[in-house]
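Asks: Please find one structure pasted underneath; my questions will follow.
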Amino acid sequence: MKPFFIALAVIAVIFVCIVVAGALMIRKKEAPPIPLTANLRGRIAIVVYSQSKVRNTAEVAEWIRKNTGGDMFSLEMETPYPEPYSETLKAASKDISEGKHPALVDVPDLSGYDIVFLGSPIWYGTYAPPVATFLDSDKLAGKVVAPFCTHGGGGAGHFFADLRKECPEARILDGLVIRGSNQIERRLGVGVTSHHTENDVITWLNSLFPADGPQPQGEQK
C-alpha cells in the first residue's frame, strides 16, 4: 500500500501547484493597464538570452520591445544547451565555473544604438554564459544600459555588479528583477506571467526615463 499513498501524495502536490499557478495567472491578468509616460530618446536595442521553453526572459523582452519600439536581438548559441532544463543548468554551471563563454550564431552590431536593454536569466547568481560571450565583443562603452533579469526565486544575485565590472565605460541604470518560474513550475508550463504583468515593465520604464526629468546620458556611472 505504501507506493499507493506515495502516488496519492505526488498527485496532490501537482494538483495544488496547478491550482495555485492558475490562481496567480487569473489574478495577474485582471490588473488594468497603466499609462506609459517614459520619454526615451535615441535608437534602442533589446539584447536578450532566453533558453527556457516557457520563455521567462523572452516574455519580459517582448514587453520592453512593445513599449519602446526598440530593435530585438536574441542571442543564440551555436551549440544550444541540452534539454531538459536540469541538464541546461548543469552545462551552464560548468561553463561558469570554468569561465567558458560559448560561441554564438551571431553577435549583434550595436554601434548605431544609444540605449541598450540587456536581459538574461539568473544562473548561479549571475548572467548566463551566452551573455558573457556577447559582452566579450561589445563592452557597451558610451551607451545607456538598462539591464533586466528573471529568476526562479533566488533574486538577481551579483548580476548587476558583474555587469558594471565588465562594462566600466557604460552607464548602467537601475535594473529590473522579475520572478520567473522555478523547476516545478517549468514542468507545469508556468512562466513569468504567473507572477508579473506588462505593468511591471511600464512602471520600470517610467521610472528610468521620466517624461519631465533629465534623460540618462551615455557615460560612466
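Chain identifiers are assigned as A, B, and so on, following the order in which chains appear in the C-alpha cells; residues are numbered from 1 within each chain, and ligands are numbered from 1 in order of appearance.
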For region 149-158 of chain A, find every residue with an atom within 12 Å (counting only C-alpha atoms), except residues of its own chain fewer than 3 positions away, and show them as number ranges by chain.

Replies: A: 47-52, 54-61, 117-128, 131, 146, 161-165, 174-186, 190-196, 201

Asks: Using N, CA and C atoms, can you export the residues from the last selection as a compact mmCIF listing (two decimals), in the first residue's frame?

Replies:
# COMPACT_ATOMS: atom_id res chain seq x y z
N VAL A 47 18.73 43.38 -26.26
CA VAL A 47 19.56 42.19 -26.43
C VAL A 47 19.20 41.21 -25.32
N VAL A 48 18.80 40.00 -25.68
CA VAL A 48 18.31 39.07 -24.68
C VAL A 48 18.75 37.64 -24.97
N TYR A 49 19.05 36.92 -23.90
CA TYR A 49 19.23 35.48 -23.99
C TYR A 49 18.13 34.84 -23.16
N SER A 50 17.40 33.91 -23.77
CA SER A 50 16.31 33.23 -23.07
C SER A 50 16.26 31.79 -23.55
N GLN A 51 16.65 30.86 -22.68
CA GLN A 51 16.73 29.46 -23.11
C GLN A 51 15.48 28.66 -22.80
N SER A 52 14.81 28.99 -21.70
CA SER A 52 13.69 28.18 -21.22
C SER A 52 12.54 28.15 -22.21
N VAL A 54 9.51 27.99 -21.51
CA VAL A 54 8.39 28.81 -21.02
C VAL A 54 8.64 30.30 -21.24
N ARG A 55 9.80 30.64 -21.80
CA ARG A 55 10.08 32.00 -22.29
C ARG A 55 10.02 33.07 -21.19
N ASN A 56 10.59 32.78 -20.05
CA ASN A 56 10.57 33.76 -18.97
C ASN A 56 11.20 35.09 -19.39
N THR A 57 12.47 35.05 -19.75
CA THR A 57 13.19 36.29 -20.09
C THR A 57 12.72 36.85 -21.42
N ALA A 58 12.39 35.98 -22.36
CA ALA A 58 11.91 36.45 -23.66
C ALA A 58 10.60 37.20 -23.54
N GLU A 59 9.74 36.79 -22.63
CA GLU A 59 8.46 37.46 -22.43
C GLU A 59 8.67 38.89 -21.94
N VAL A 60 9.58 39.06 -20.99
CA VAL A 60 9.88 40.40 -20.49
C VAL A 60 10.48 41.26 -21.60
N ALA A 61 11.37 40.66 -22.40
CA ALA A 61 11.97 41.40 -23.51
C ALA A 61 10.90 41.86 -24.50
N PHE A 117 18.82 47.66 -23.79
CA PHE A 117 18.20 46.84 -22.76
C PHE A 117 18.82 45.46 -22.85
N LEU A 118 19.45 45.01 -21.77
CA LEU A 118 20.18 43.74 -21.79
C LEU A 118 19.54 42.78 -20.80
N GLY A 119 19.07 41.63 -21.30
CA GLY A 119 18.34 40.70 -20.45
C GLY A 119 18.92 39.30 -20.41
N SER A 120 18.79 38.67 -19.24
CA SER A 120 19.32 37.32 -19.05
C SER A 120 18.60 36.63 -17.90
N PRO A 121 18.50 35.31 -17.97
CA PRO A 121 18.09 34.58 -16.76
C PRO A 121 19.24 34.61 -15.75
N ILE A 122 18.91 34.46 -14.48
CA ILE A 122 19.95 34.39 -13.46
C ILE A 122 20.30 32.92 -13.24
N TRP A 123 21.54 32.59 -13.53
CA TRP A 123 22.05 31.24 -13.31
C TRP A 123 23.24 31.32 -12.37
N TYR A 124 23.11 30.68 -11.24
CA TYR A 124 24.18 30.65 -10.24
C TYR A 124 24.66 32.06 -9.88
N GLY A 125 23.69 32.94 -9.73
CA GLY A 125 23.97 34.27 -9.20
C GLY A 125 24.41 35.31 -10.19
N THR A 126 24.42 34.98 -11.49
CA THR A 126 24.88 35.97 -12.47
C THR A 126 24.20 35.73 -13.82
N TYR A 127 24.63 36.50 -14.83
CA TYR A 127 24.03 36.33 -16.16
C TYR A 127 24.52 35.05 -16.81
N ALA A 128 23.74 34.59 -17.78
CA ALA A 128 24.05 33.33 -18.46
C ALA A 128 25.32 33.45 -19.30
N VAL A 131 25.47 35.51 -22.55
CA VAL A 131 25.54 36.96 -22.36
C VAL A 131 26.99 37.38 -22.14
N ALA A 146 20.17 49.43 -19.73
CA ALA A 146 19.10 49.12 -18.78
C ALA A 146 19.01 47.60 -18.67
N ALA A 161 26.31 43.85 -10.36
CA ALA A 161 27.70 44.14 -10.02
C ALA A 161 28.65 43.58 -11.08
N ASP A 162 28.36 42.36 -11.55
CA ASP A 162 29.19 41.76 -12.59
C ASP A 162 29.12 42.56 -13.88
N LEU A 163 27.93 43.05 -14.20
CA LEU A 163 27.76 43.82 -15.43
C LEU A 163 28.53 45.13 -15.36
N ARG A 164 28.45 45.82 -14.23
CA ARG A 164 29.19 47.07 -14.07
C ARG A 164 30.70 46.85 -14.15
N LYS A 165 31.15 45.74 -13.59
CA LYS A 165 32.58 45.43 -13.64
C LYS A 165 33.02 45.14 -15.07
N ASP A 174 19.37 51.51 -13.11
CA ASP A 174 18.78 50.58 -12.15
C ASP A 174 18.06 49.46 -12.92
N GLY A 175 18.37 48.22 -12.55
CA GLY A 175 17.84 47.09 -13.31
C GLY A 175 16.47 46.64 -12.84
N LEU A 176 15.85 45.82 -13.69
CA LEU A 176 14.55 45.22 -13.40
C LEU A 176 14.76 43.76 -13.04
N VAL A 177 14.26 43.36 -11.87
CA VAL A 177 14.37 41.98 -11.41
C VAL A 177 12.97 41.37 -11.40
N ILE A 178 12.79 40.31 -12.18
CA ILE A 178 11.47 39.71 -12.37
C ILE A 178 11.48 38.25 -11.93
N ARG A 179 10.50 37.89 -11.14
CA ARG A 179 10.34 36.49 -10.74
C ARG A 179 9.78 35.70 -11.91
N GLY A 180 10.52 34.72 -12.36
CA GLY A 180 10.09 33.90 -13.47
C GLY A 180 9.37 32.65 -12.99
N SER A 181 10.00 31.50 -13.12
CA SER A 181 9.40 30.25 -12.62
C SER A 181 10.50 29.32 -12.15
N ASN A 182 10.18 28.51 -11.17
CA ASN A 182 11.16 27.55 -10.67
C ASN A 182 11.04 26.23 -11.42
N GLN A 183 11.79 25.24 -10.97
CA GLN A 183 11.84 23.97 -11.69
C GLN A 183 10.48 23.29 -11.77
N ILE A 184 9.74 23.29 -10.66
CA ILE A 184 8.43 22.64 -10.65
C ILE A 184 7.47 23.39 -11.58
N GLU A 185 7.47 24.70 -11.50
CA GLU A 185 6.57 25.49 -12.35
C GLU A 185 6.89 25.29 -13.83
N ARG A 186 8.17 25.20 -14.16
CA ARG A 186 8.54 24.97 -15.56
C ARG A 186 7.97 23.65 -16.07
N VAL A 190 4.40 26.70 -16.43
CA VAL A 190 4.07 28.00 -15.85
C VAL A 190 5.26 28.95 -16.02
N GLY A 191 5.00 30.14 -16.55
CA GLY A 191 6.07 31.08 -16.81
C GLY A 191 5.94 32.38 -16.04
N VAL A 192 6.61 33.39 -16.53
CA VAL A 192 6.73 34.66 -15.83
C VAL A 192 5.38 35.36 -15.66
N THR A 193 4.44 35.12 -16.56
CA THR A 193 3.14 35.81 -16.49
C THR A 193 2.31 35.36 -15.29
N SER A 194 2.75 34.33 -14.58
CA SER A 194 2.06 33.93 -13.35
C SER A 194 2.37 34.88 -12.21
N HIS A 195 3.49 35.58 -12.33
CA HIS A 195 3.94 36.45 -11.24
C HIS A 195 3.94 37.93 -11.61
N HIS A 196 3.97 38.22 -12.89
CA HIS A 196 4.11 39.61 -13.32
C HIS A 196 3.25 39.88 -14.55
N VAL A 201 6.90 46.20 -16.25
CA VAL A 201 7.86 46.79 -17.18
C VAL A 201 7.56 48.26 -17.41

Asks: DSSP on the backbone: what in region 103-200 of chain A comes out strand (DSSP E), as a ChimeraX atom specification?

Replies: /A:115-123,126-127,144-151,171-172,176-179

Asks: Store the residues picked out above in a file with C-alpha atoms, as a compact mmCIF listing (two decimals), in the first residue's frame.

Replies:
# COMPACT_ATOMS: atom_id res chain seq x y z
CA ILE A 115 20.12 52.75 -25.30
CA VAL A 116 20.57 49.01 -24.78
CA PHE A 117 18.20 46.84 -22.76
CA LEU A 118 20.18 43.74 -21.79
CA GLY A 119 18.34 40.70 -20.45
CA SER A 120 19.32 37.32 -19.05
CA PRO A 121 18.09 34.58 -16.76
CA ILE A 122 19.95 34.39 -13.46
CA TRP A 123 22.05 31.24 -13.31
CA THR A 126 24.88 35.97 -12.47
CA TYR A 127 24.03 36.33 -16.16
CA VAL A 144 22.97 53.77 -21.64
CA VAL A 145 22.33 50.20 -20.46
CA ALA A 146 19.10 49.12 -18.78
CA PRO A 147 19.59 45.54 -17.52
CA PHE A 148 16.78 43.14 -16.70
CA CYS A 149 16.74 39.58 -15.44
CA THR A 150 14.43 36.73 -14.49
CA HIS A 151 14.96 34.23 -11.70
CA ARG A 171 26.05 54.00 -17.96
CA ILE A 172 24.30 51.16 -16.12
CA LEU A 176 14.55 45.22 -13.40
CA VAL A 177 14.37 41.98 -11.41
CA ILE A 178 11.47 39.71 -12.37
CA ARG A 179 10.34 36.49 -10.74

Asks: Please compute the CA of Leu140 (chain A)-CA of Glu198 (chain A) distance, one decimal, in Å.

Replies: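 These atoms are spaced 26.4 Å apart.
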
Asks: Residues within 12 Å of Asp71 (chain A), please, as a PyMOL selection string. Count only C-alpha atoms; anything in the same chain fewer than 2 positions from it doesn't count.

Replies: chain A and resi 42-48+61-62+64-69+73-74+108-110+112-118

Asks: Only C-alpha atoms, please: the residues just picked out, written as an mmCIF file, in the first residue's frame.

Replies:
data_model
loop_
_atom_site.group_PDB
_atom_site.id
_atom_site.type_symbol
_atom_site.label_atom_id
_atom_site.label_comp_id
_atom_site.auth_asym_id
_atom_site.auth_seq_id
_atom_site.Cartn_x
_atom_site.Cartn_y
_atom_site.Cartn_z
ATOM 1 C CA GLY A 42 17.799 57.792 -29.325
ATOM 2 C CA ARG A 43 17.944 54.422 -31.027
ATOM 3 C CA ILE A 44 17.001 51.496 -28.809
ATOM 4 C CA ALA A 45 18.216 47.898 -28.891
ATOM 5 C CA ILE A 46 16.994 44.976 -26.798
ATOM 6 C CA VAL A 47 19.555 42.191 -26.429
ATOM 7 C CA VAL A 48 18.307 39.068 -24.676
ATOM 8 C CA ALA A 61 11.966 41.396 -23.514
ATOM 9 C CA GLU A 62 8.836 41.412 -25.658
ATOM 10 C CA ILE A 64 10.036 46.061 -23.405
ATOM 11 C CA ARG A 65 10.026 45.960 -27.206
ATOM 12 C CA LYS A 66 6.295 46.647 -27.314
ATOM 13 C CA ASN A 67 6.627 49.753 -25.123
ATOM 14 C CA THR A 68 9.862 51.176 -26.526
ATOM 15 C CA GLY A 69 9.752 50.284 -30.214
ATOM 16 C CA PHE A 73 18.314 40.865 -30.848
ATOM 17 C CA SER A 74 18.141 37.317 -29.458
ATOM 18 C CA PRO A 108 24.633 41.987 -32.917
ATOM 19 C CA ASP A 109 26.308 45.207 -34.021
ATOM 20 C CA LEU A 110 25.128 47.930 -31.653
ATOM 21 C CA GLY A 112 24.345 52.779 -34.043
ATOM 22 C CA TYR A 113 22.346 52.455 -30.816
ATOM 23 C CA ASP A 114 22.152 54.770 -27.818
ATOM 24 C CA ILE A 115 20.116 52.750 -25.296
ATOM 25 C CA VAL A 116 20.570 49.013 -24.776
ATOM 26 C CA PHE A 117 18.199 46.841 -22.757
ATOM 27 C CA LEU A 118 20.176 43.742 -21.789
#

Asks: DSSP on the backbone: which residues in chain A end up as helix (DSSP H, G or I)? Give the answer as a VMD selection string.

Replies: chain A and resid 2 to 29 56 to 68 85 to 98 129 to 137 159 to 166 183 to 187 192 to 194 198 to 208

Asks: For C-alpha atoms, I'd like the residues from the last selection saved as a compact mmCIF listing (two decimals), in the first residue's frame.

Replies:
# COMPACT_ATOMS: atom_id res chain seq x y z
CA LYS A 2 2.92 2.32 0.57
CA PRO A 3 3.52 3.04 -3.15
CA PHE A 4 -0.18 3.83 -3.47
CA PHE A 5 -0.02 6.52 -0.77
CA ILE A 6 3.18 7.96 -2.27
CA ALA A 7 1.45 8.21 -5.63
CA LEU A 8 -1.52 9.96 -4.00
CA ALA A 9 0.84 12.43 -2.30
CA VAL A 10 2.57 13.23 -5.59
CA ILE A 11 -0.78 13.76 -7.33
CA ALA A 12 -1.91 16.03 -4.50
CA VAL A 13 1.23 18.17 -4.76
CA ILE A 14 0.86 18.52 -8.52
CA PHE A 15 -2.81 19.43 -8.14
CA VAL A 16 -2.01 22.13 -5.58
CA CYS A 17 0.72 23.55 -7.84
CA ILE A 18 -1.69 23.73 -10.77
CA VAL A 19 -4.41 25.39 -8.69
CA VAL A 20 -2.00 27.94 -7.21
CA ALA A 21 -0.44 28.69 -10.61
CA GLY A 22 -3.89 29.11 -12.15
CA ALA A 23 -4.95 31.48 -9.39
CA LEU A 24 -1.83 33.57 -9.86
CA MET A 25 -2.39 33.80 -13.61
CA ILE A 26 -6.02 34.88 -13.16
CA ARG A 27 -5.10 37.49 -10.55
CA LYS A 28 -2.34 38.97 -12.69
CA LYS A 29 -4.42 39.08 -15.87
CA ASN A 56 10.57 33.76 -18.97
CA THR A 57 13.19 36.29 -20.09
CA ALA A 58 11.91 36.45 -23.66
CA GLU A 59 8.46 37.46 -22.43
CA VAL A 60 9.88 40.40 -20.49
CA ALA A 61 11.97 41.40 -23.51
CA GLU A 62 8.84 41.41 -25.66
CA TRP A 63 7.07 43.70 -23.17
CA ILE A 64 10.04 46.06 -23.40
CA ARG A 65 10.03 45.96 -27.21
CA LYS A 66 6.29 46.65 -27.31
CA ASN A 67 6.63 49.75 -25.12
CA THR A 68 9.86 51.18 -26.53
CA TYR A 85 16.23 22.32 -18.03
CA SER A 86 18.11 20.49 -15.28
CA GLU A 87 20.70 19.48 -17.89
CA THR A 88 20.87 23.06 -19.09
CA LEU A 89 21.76 24.21 -15.58
CA LYS A 90 24.45 21.53 -15.25
CA ALA A 91 26.07 22.63 -18.51
CA ALA A 92 25.79 26.31 -17.61
CA SER A 93 27.29 25.66 -14.17
CA LYS A 94 30.30 24.01 -15.80
CA ASP A 95 30.75 26.93 -18.20
CA ILE A 96 30.51 29.49 -15.39
CA SER A 97 32.92 27.64 -13.09
CA GLU A 98 35.43 27.21 -15.92
CA PRO A 129 27.30 32.38 -20.27
CA PRO A 130 25.95 33.42 -23.73
CA VAL A 131 25.54 36.96 -22.36
CA ALA A 132 29.16 36.82 -21.21
CA THR A 133 30.12 35.90 -24.79
CA PHE A 134 28.22 38.90 -26.12
CA LEU A 135 29.97 41.20 -23.63
CA ASP A 136 33.35 39.85 -24.78
CA SER A 137 32.80 41.53 -28.14
CA PHE A 159 24.24 40.16 -11.88
CA PHE A 160 24.33 43.97 -11.77
CA ALA A 161 27.70 44.14 -10.02
CA ASP A 162 29.19 41.76 -12.59
CA LEU A 163 27.76 43.82 -15.43
CA ARG A 164 29.19 47.07 -14.07
CA LYS A 165 32.58 45.43 -13.64
CA GLU A 166 32.52 44.05 -17.19
CA GLN A 183 11.84 23.97 -11.69
CA ILE A 184 8.43 22.64 -10.65
CA GLU A 185 6.57 25.49 -12.35
CA ARG A 186 8.54 24.97 -15.56
CA ARG A 187 7.47 21.33 -15.63
CA VAL A 192 6.73 34.66 -15.83
CA THR A 193 3.14 35.81 -16.49
CA SER A 194 2.06 33.93 -13.35
CA GLU A 198 3.40 44.15 -18.58
CA ASN A 199 2.62 46.83 -15.98
CA ASP A 200 5.81 45.93 -14.11
CA VAL A 201 7.86 46.79 -17.18
CA ILE A 202 5.92 50.00 -17.81
CA THR A 203 6.46 51.12 -14.21
CA TRP A 204 10.19 50.47 -14.58
CA LEU A 205 10.41 52.38 -17.88
CA ASN A 206 8.53 55.34 -16.42
CA SER A 207 10.95 55.49 -13.50
CA LEU A 208 14.09 55.24 -15.65

Asks: What is the distance, in Å and to one decimal place, between CA of Ala103 (chain A) and CA of Glu169 (chain A)?

Replies: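 Computing the Euclidean distance for CA of Ala103 (chain A) and CA of Glu169 (chain A) yields 24.3 Å.
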